[in-house]
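Colleague: The structure is given below, and queries will be raised subsequently.
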Amino acid sequence: MRARTFWTVMAADESGAIERLVQRLADLCADYCVVGGEAVNAYVEPLVSLDLDLAIAAAELHRILPAFASDFRIEHLRHSVNLEADNSALRSSFDSIPVMPPSFRVRNTALCSALRFR
């Protein structure tokens with residue numbers, strides 16, 4: 001099973017939310033790092049999760065959020081922003097960090113390529 005099929009089935013993602021979210025980050029050239037359960041899945045036996053947690057530098061977060069406002073519900077919390085879309089059980093969280101260390105930038109790694117479904 002390919003990553004796209006897995007995410008679509010597990011998140012009951014009829015709206016393509018995961019694809020839109022990751023593609024939009026790519027279109028914005030946003031530096032982010034996959035954290036949480038999906039990051040762990042890159043190194044161990046995969047676990048099933050409906051969460052996609054991303055660490056993003058605070059300045060970057062302010063720049064990219066307007067691009068998600070039209071088709072995601074956005075909930076601002078103290079140190080993170082949650083995104084949800086209609087017709088999808090996917091829960092995305094952008095965790096704000098002060099600065100993105102260069103070694104954490106994973107925009108062009110295999111993990112992010114897998115999430116981009118190419």
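Residues in the structure tokens are named by chain (A, B, ... in the order shown) and by number from 1 within that chain; ligands are numbered from 1 in the order shown.
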Please list as JSON, numbers by chain every residue within 8 Å of Glu38 of chain A, counting only C-alpha atoms and excluding residues in the same chain fewer than 2 positions away.

Modeller: {"A": [34, 35, 36, 40, 41, 42, 49, 51, 52, 53]}

Colleague: Using N, CA and C atoms, can you export the residues from the last selection as a compact mmCIF listing (two decimals), in the first residue's frame?

Modeller:
# COMPACT_ATOMS: atom_id res chain seq x y z
N VAL A 34 8.79 17.18 10.22
CA VAL A 34 7.76 16.26 10.69
C VAL A 34 8.18 15.75 12.06
N VAL A 35 7.28 15.89 13.04
CA VAL A 35 7.54 15.45 14.40
C VAL A 35 6.41 14.53 14.85
N GLY A 36 6.50 13.97 16.03
CA GLY A 36 5.43 13.14 16.54
C GLY A 36 5.44 11.75 15.92
N VAL A 40 8.35 9.27 13.95
CA VAL A 40 8.79 8.00 14.51
C VAL A 40 8.60 6.88 13.50
N ASN A 41 7.51 6.94 12.73
CA ASN A 41 7.23 5.90 11.73
C ASN A 41 8.34 5.76 10.69
N ALA A 42 9.13 6.79 10.50
CA ALA A 42 10.23 6.71 9.54
C ALA A 42 11.34 5.79 10.03
N SER A 49 -1.86 6.59 13.01
CA SER A 49 -2.17 7.86 13.65
C SER A 49 -2.94 8.73 12.67
N ASP A 51 -2.89 11.94 13.25
CA ASP A 51 -2.24 13.22 13.50
C ASP A 51 -1.05 13.41 12.58
N LEU A 52 -0.90 14.59 12.06
CA LEU A 52 0.30 14.98 11.34
C LEU A 52 0.83 16.22 12.04
N ASP A 53 1.90 16.03 12.80
CA ASP A 53 2.48 17.13 13.58
C ASP A 53 3.73 17.64 12.87

Colleague: Can you check which residues of segment 7-116 of chain A DSSP gives as strand (DSSP E or B) on the backbone and send them as a VMD selection string?

Modeller: chain A and resid 32 to 35 51 to 57 73 to 76 80 to 84 91 to 97

Colleague: Now that the selection is made, can you save its residues with N, CA and C atoms as an mmCIF file, in the first residue's frame?

Modeller:
data_model
loop_
_atom_site.group_PDB
_atom_site.id
_atom_site.type_symbol
_atom_site.label_atom_id
_atom_site.label_comp_id
_atom_site.auth_asym_id
_atom_site.auth_seq_id
_atom_site.Cartn_x
_atom_site.Cartn_y
_atom_site.Cartn_z
ATOM 1 N N TYR A 32 9.885 23.046 7.286
ATOM 2 C CA TYR A 32 9.175 22.411 8.389
ATOM 3 C C TYR A 32 9.839 21.081 8.693
ATOM 4 N N CYS A 33 9.498 20.539 9.821
ATOM 5 C CA CYS A 33 10.038 19.253 10.239
ATOM 6 C C CYS A 33 8.888 18.401 10.726
ATOM 7 N N VAL A 34 8.786 17.178 10.225
ATOM 8 C CA VAL A 34 7.763 16.255 10.687
ATOM 9 C C VAL A 34 8.181 15.755 12.064
ATOM 10 N N VAL A 35 7.278 15.890 13.039
ATOM 11 C CA VAL A 35 7.544 15.450 14.404
ATOM 12 C C VAL A 35 6.407 14.533 14.851
ATOM 13 N N ASP A 51 -2.886 11.937 13.253
ATOM 14 C CA ASP A 51 -2.241 13.221 13.504
ATOM 15 C C ASP A 51 -1.048 13.410 12.579
ATOM 16 N N LEU A 52 -0.900 14.595 12.062
ATOM 17 C CA LEU A 52 0.305 14.979 11.337
ATOM 18 C C LEU A 52 0.830 16.218 12.036
ATOM 19 N N ASP A 53 1.904 16.033 12.803
ATOM 20 C CA ASP A 53 2.485 17.125 13.579
ATOM 21 C C ASP A 53 3.725 17.639 12.869
ATOM 22 N N LEU A 54 3.770 18.943 12.664
ATOM 23 C CA LEU A 54 4.894 19.579 11.994
ATOM 24 C C LEU A 54 5.443 20.692 12.873
ATOM 25 N N ALA A 55 6.762 20.762 13.000
ATOM 26 C CA ALA A 55 7.403 21.882 13.690
ATOM 27 C C ALA A 55 7.745 22.922 12.636
ATOM 28 N N ILE A 56 7.380 24.167 12.924
ATOM 29 C CA ILE A 56 7.604 25.265 11.985
ATOM 30 C C ILE A 56 8.090 26.470 12.778
ATOM 31 N N ALA A 57 9.088 27.174 12.253
ATOM 32 C CA ALA A 57 9.582 28.379 12.918
ATOM 33 C C ALA A 57 8.456 29.397 13.026
ATOM 34 N N ARG A 73 -10.100 24.713 8.809
ATOM 35 C CA ARG A 73 -10.439 25.407 10.055
ATOM 36 C C ARG A 73 -9.153 25.554 10.839
ATOM 37 N N ILE A 74 -8.891 26.739 11.326
ATOM 38 C CA ILE A 74 -7.640 27.023 12.028
ATOM 39 C C ILE A 74 -7.957 27.381 13.469
ATOM 40 N N GLU A 75 -7.311 26.685 14.397
ATOM 41 C CA GLU A 75 -7.469 26.948 15.820
ATOM 42 C C GLU A 75 -6.105 27.335 16.385
ATOM 43 N N HIS A 76 -6.010 28.563 16.879
ATOM 44 C CA HIS A 76 -4.759 29.059 17.446
ATOM 45 C C HIS A 76 -4.676 28.691 18.925
ATOM 46 N N SER A 80 0.951 26.386 19.326
ATOM 47 C CA SER A 80 0.690 25.618 18.112
ATOM 48 C C SER A 80 -0.579 26.121 17.433
ATOM 49 N N VAL A 81 -0.769 25.627 16.246
ATOM 50 C CA VAL A 81 -1.974 25.932 15.466
ATOM 51 C C VAL A 81 -2.491 24.599 14.936
ATOM 52 N N ASN A 82 -3.767 24.330 15.162
ATOM 53 C CA ASN A 82 -4.380 23.103 14.657
ATOM 54 C C ASN A 82 -5.155 23.409 13.385
ATOM 55 N N LEU A 83 -5.079 22.495 12.424
ATOM 56 C CA LEU A 83 -5.812 22.626 11.176
ATOM 57 C C LEU A 83 -6.682 21.398 10.973
ATOM 58 N N GLU A 84 -7.909 21.611 10.548
ATOM 59 C CA GLU A 84 -8.823 20.531 10.198
ATOM 60 C C GLU A 84 -9.559 20.908 8.923
ATOM 61 N N ARG A 91 -5.903 15.217 11.620
ATOM 62 C CA ARG A 91 -5.672 16.328 12.544
ATOM 63 C C ARG A 91 -4.241 16.793 12.346
ATOM 64 N N SER A 92 -4.070 18.002 11.887
ATOM 65 C CA SER A 92 -2.742 18.551 11.652
ATOM 66 C C SER A 92 -2.440 19.602 12.691
ATOM 67 N N SER A 93 -1.200 19.616 13.126
ATOM 68 C CA SER A 93 -0.769 20.595 14.106
ATOM 69 C C SER A 93 0.548 21.196 13.647
ATOM 70 N N PHE A 94 0.594 22.512 13.610
ATOM 71 C CA PHE A 94 1.833 23.224 13.347
ATOM 72 C C PHE A 94 2.349 23.689 14.694
ATOM 73 N N ASP A 95 3.428 23.080 15.173
ATOM 74 C CA ASP A 95 4.014 23.449 16.450
ATOM 75 C C ASP A 95 5.039 24.543 16.216
ATOM 76 N N SER A 96 4.834 25.677 16.861
ATOM 77 C CA SER A 96 5.695 26.840 16.674
ATOM 78 C C SER A 96 6.972 26.695 17.494
ATOM 79 N N ILE A 97 8.114 26.851 16.836
ATOM 80 C CA ILE A 97 9.397 26.864 17.523
ATOM 81 C C ILE A 97 10.086 28.179 17.180
#

Colleague: Please determine, counting only C-alpha atoms, which residue among A:Ala67, A:Met100, A:Leu90, A:Ala85 has the shortest atom-to-atom distance to Asp27 of chain A.

Modeller: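 Closest to Asp27 of chain A, using only C-alpha atoms: A:Ala67.
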
Colleague: If you measure from atom CA of Ala58 of chain A to atom CA of Ala89 of chain A, what distance in Å do you get, rounded to one decimal?

Modeller: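 Computing the Euclidean distance for atom CA of Ala58 of chain A and atom CA of Ala89 of chain A yields 25.8 Å.
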
Colleague: Please return, as a ChimeraX atom specification, all residues of segment 19-90 of chain A that DSSP assigns to helix (DSSP H, G or I) on the basis of the backbone.

Modeller: /A:19-27,37-41,58-68

Colleague: Of the residues A:Ile18, A:Ala30, A:Val99, A:Arg63, which is the one nearest to Leu50 of chain A, using only C-alpha atoms?

Modeller: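 Ranked by minimum distance to Leu50 of chain A, first place goes to A:Ile18.
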
Colleague: To one decimal place, how far is atom CA of Arg78 of chain A from atom CA of Glu19 of chain A in Å?

Modeller: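 Atom CA of Arg78 of chain A sits 26.4 Å away from atom CA of Glu19 of chain A.
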
Colleague: If you measure from atom CA of Ala69 of chain A to atom CA of Val9 of chain A, what distance in Å do you get, rounded to one decimal?

Modeller: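 Interatomic distance here is 24.7 Å.
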
Colleague: Tell me which of A:Leu47, A:Arg20, A:Ala59, A:Gly37 sits closest to Pro98 of chain A, counting only C-alpha atoms.

Modeller: A:Ala59
